[in-house]
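> Enclosed is the structure file upload.txt (compact mmCIF, C-alpha atoms (C1' of nucleotides)).
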```txt
# COMPACT_ATOMS: atom_id res chain seq x y z
CA MET A 1 -9.08 -12.45 -22.93
CA ILE A 2 -8.77 -11.62 -19.29
CA ASP A 3 -5.32 -10.82 -18.07
CA LEU A 4 -5.17 -12.75 -14.81
CA GLY A 5 -2.62 -10.53 -13.22
CA PHE A 6 -2.56 -9.23 -9.70
CA PHE A 7 -4.99 -6.54 -10.74
CA GLU A 8 -7.68 -8.87 -12.04
CA LEU A 9 -7.40 -10.96 -8.90
CA VAL A 10 -7.93 -7.86 -6.82
CA TYR A 11 -10.88 -6.80 -8.95
CA GLN A 12 -12.55 -10.15 -8.54
CA VAL A 13 -12.24 -10.07 -4.77
CA VAL A 14 -13.42 -6.47 -4.54
CA ARG A 15 -16.42 -7.31 -6.69
CA LEU A 16 -17.32 -10.04 -4.19
CA ILE A 17 -17.59 -7.60 -1.32
CA PRO A 18 -21.25 -7.77 -0.24
CA TYR A 19 -23.48 -4.77 0.25
CA GLY A 20 -22.87 -2.94 3.49
CA ARG A 21 -19.48 -4.52 4.03
CA VAL A 22 -15.93 -3.23 3.75
CA THR A 23 -12.50 -4.77 3.60
CA SER A 24 -8.91 -3.67 3.70
CA TYR A 25 -6.12 -3.65 1.17
CA GLY A 26 -4.03 -5.91 3.33
CA ALA A 27 -6.84 -8.46 3.69
CA ILE A 28 -7.15 -8.71 -0.07
CA ALA A 29 -3.40 -8.89 -0.49
CA ARG A 30 -3.18 -11.72 2.01
CA TYR A 31 -6.03 -13.54 0.34
CA LEU A 32 -4.15 -13.37 -2.92
CA GLY A 33 -1.08 -14.77 -1.23
CA SER A 34 0.92 -11.58 -1.30
CA ALA A 35 0.46 -10.35 2.22
CA GLN A 36 3.02 -7.63 1.84
CA SER A 37 1.72 -6.41 -1.47
CA ALA A 38 -1.04 -4.33 0.00
CA ARG A 39 0.27 -1.42 -2.03
CA MET A 40 -0.47 -3.30 -5.22
CA VAL A 41 -4.09 -3.57 -4.18
CA GLY A 42 -4.25 0.17 -3.94
CA TRP A 43 -2.49 0.39 -7.27
CA ALA A 44 -5.10 -1.87 -8.78
CA MET A 45 -7.84 0.30 -7.31
CA ASN A 46 -6.26 3.30 -8.91
CA ALA A 47 -6.36 1.50 -12.24
CA SER A 48 -9.98 0.49 -11.62
CA HIS A 49 -11.03 3.86 -12.98
CA SER A 50 -9.77 2.88 -16.39
CA ILE A 51 -11.54 -0.44 -16.66
CA ASP A 52 -15.15 -1.05 -17.65
CA THR A 53 -15.95 -3.36 -14.77
CA ASP A 54 -17.79 -1.93 -11.83
CA ILE A 55 -15.40 -1.99 -8.93
CA PRO A 56 -16.89 -0.97 -5.56
CA ALA A 57 -13.60 0.57 -4.57
CA HIS A 58 -15.44 2.64 -1.98
CA ARG A 59 -15.77 -0.56 0.04
CA VAL A 60 -12.02 -0.92 0.28
CA VAL A 61 -10.24 0.99 3.02
CA ASN A 62 -7.00 0.64 4.89
CA ARG A 63 -6.51 -1.55 7.94
CA ILE A 64 -7.82 1.04 10.39
CA GLY A 65 -10.93 1.71 8.34
CA LEU A 66 -9.68 5.05 7.14
CA LEU A 67 -10.88 6.15 3.73
CA SER A 68 -7.36 6.55 2.48
CA GLY A 69 -8.45 6.47 -1.15
CA ILE A 70 -11.12 9.09 -0.76
CA ALA A 71 -9.05 11.65 -2.62
CA HIS A 72 -8.68 9.38 -5.63
CA PHE A 73 -12.36 9.18 -6.46
CA PRO A 74 -13.92 11.35 -9.16
CA ASN A 75 -15.90 12.90 -6.33
CA PRO A 76 -14.13 12.51 -2.98
CA LYS A 77 -17.31 12.73 -0.98
CA TYR A 78 -18.92 10.01 -3.11
CA MET A 79 -16.98 7.39 -1.19
CA GLN A 80 -18.28 8.49 2.19
CA GLU A 81 -21.81 8.96 0.91
CA ALA A 82 -21.77 5.55 -0.77
CA LEU A 83 -20.65 3.86 2.42
CA GLU A 84 -23.17 5.72 4.56
CA LYS A 85 -25.80 4.80 2.02
CA GLU A 86 -24.97 1.17 2.69
CA GLY A 87 -25.45 1.66 6.41
CA ILE A 88 -21.83 2.26 7.27
CA LYS A 89 -21.20 5.21 9.52
CA ILE A 90 -18.32 7.45 8.58
CA LYS A 91 -16.71 9.81 11.05
CA ASN A 92 -13.83 12.03 10.08
CA ASN A 93 -13.17 9.96 6.94
CA LYS A 94 -13.03 6.85 9.05
CA VAL A 95 -15.36 3.85 9.19
CA GLN A 96 -17.13 3.48 12.51
CA ASP A 97 -17.52 -0.07 13.84
CA PHE A 98 -15.05 -1.12 11.19
CA ASP A 99 -14.64 -4.48 12.88
CA LYS A 100 -18.37 -5.12 12.56
CA HIS A 101 -18.55 -4.22 8.88
CA PHE A 102 -15.21 -5.78 8.06
CA TRP A 103 -15.44 -8.41 5.35
CA ASP A 104 -12.46 -10.70 5.33
CA PRO A 105 -12.18 -12.64 2.04
CA MET A 106 -10.08 -15.29 3.72
CA VAL A 107 -12.86 -15.93 6.21
CA GLU A 108 -15.96 -15.25 4.14
CA LEU A 109 -14.61 -17.11 1.13
CA ALA A 110 -13.18 -19.77 3.44
CA LEU A 111 -9.95 -20.21 1.56
C1' DC B 1 16.46 1.95 -19.45
C1' DG B 2 17.16 3.33 -14.28
C1' DA B 3 15.17 5.63 -10.36
C1' DT B 4 11.13 7.09 -7.85
C1' DT B 5 6.50 6.77 -6.38
C1' DG B 6 2.35 4.71 -4.55
C1' DA B 7 -5.43 4.16 -2.37
C1' DC B 8 -0.53 -0.34 2.78
C1' DG B 9 1.08 -3.19 6.36
C1' DT B 10 4.37 -5.28 9.34
C1' DA B 11 8.69 -5.17 11.87
C1' DC B 12 11.88 -2.99 14.66
C1' DG B 13 13.92 0.73 17.87
C1' DT C 1 3.20 3.56 23.06
C1' DC C 2 4.87 6.25 19.22
C1' DG C 3 8.00 6.95 15.32
C1' DT C 4 10.86 5.22 11.61
C1' DA C 5 12.41 1.71 8.22
C1' DC C 6 11.58 -1.82 4.90
C1' DG C 7 9.13 -4.83 1.48
C1' DC C 8 6.13 -5.80 -2.34
C1' DC C 9 5.29 -5.14 -7.76
C1' DA C 10 3.77 -2.28 -11.28
C1' DA C 11 3.44 2.20 -13.39
C1' DT C 12 5.24 6.66 -14.23
C1' DC C 13 8.93 10.16 -14.75
```
Translate the structure described by the file into structure tokens.


Amino acid sequence: MIDLGFFELVYQVVRLIPYGRVTSYGAIARYLGSAQSARMVGWAMNASHSIDTDIPAHRVVNRIGLLSGIAHFPNPKYMQEALEKEGIKIKNNKVQDFDKHFWDPMVELAL
DNA sequence: CGATTGACGTACG
DNA sequence: TCGTACGCCAATC
């Protein structure tokens, strides 16, 4: 039985992030209705390591496109490499053209 | 069981 | 424009 808590909601949204796109913690939080719970999104990402589901957490960055969670990955450089592999340019742990690659669940999913 | 922290973001000075 | 304070909710100490 799936525990439809804040975490599962976050996981579902993150899983919907298309290839070559990125989003922010705040965007997900707002989509879930808890605009000021961006921290919880990060918390959920941290817990994503423990779950079986494949969570493309590397596609989730903070509002400025900074890879704030890079240090929390098994291999820190995996996040940057994964993003670059998807065609996203990373400079100084920051997503270039973040606005172009930004995937807003509220817009894309047309809430 | 109470206090602190945390992969963030917005508001205010 | 930059720096500091607060909120949100769950997990950890």

> Atom CA of Asp54 of chain A and atom CA of Phe73 of chain A are how many Å apart?

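For atom CA of Asp54 of chain A relative to atom CA of Phe73 of chain A, the distance reads 13.5 Å.
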
> Report as number ranges by chain all protein, DNA and RNA residues lying within 6 Å of segment 4-11 of chain B, evaluated on all atoms listed in the file, omitting residues in the same chain fewer than 4 positions from it.

A: 38-39, 42, 68-69

> To one decimal place in Å, what is the distance between atom CA of Ile64 of chain A and atom C1' of DT1 of chain C?

17.0 Å

> Rounded to one decimal in Å, what is the spacing between atom CA of Tyr19 of chain A and atom CA of Arg59 of chain A?

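A separation of 8.8 Å between them.
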
> At most 10 Å is the cut-off: for each residue in chain C with any atom that close to an atom of chain A, write down the nearest atom pair and the distance in Å rounded to one decimal, counting only C-alpha atoms (C1' of nucleotides), chain first then increasing number, as a tab-separated table.


```
residue	atom	partner	partner_atom	distance
C:DG7	C1'	A:Gln36	CA	6.7
C:DC8	C1'	A:Ser37	CA	4.5
C:DC9	C1'	A:Met40	CA	6.6
C:DA10	C1'	A:Met40	CA	7.5
C:DA11	C1'	A:Trp43	CA	8.7
```

> Write out as a list in words the residues lying within 10 Å of His72 of chain A, counting all atoms listed in the file and excluding same-chain residues fewer than 5 positions away.

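These residues fall inside the cut-off: Met45, Asn46, His49 and Met79 of chain A; DA7 of chain B.
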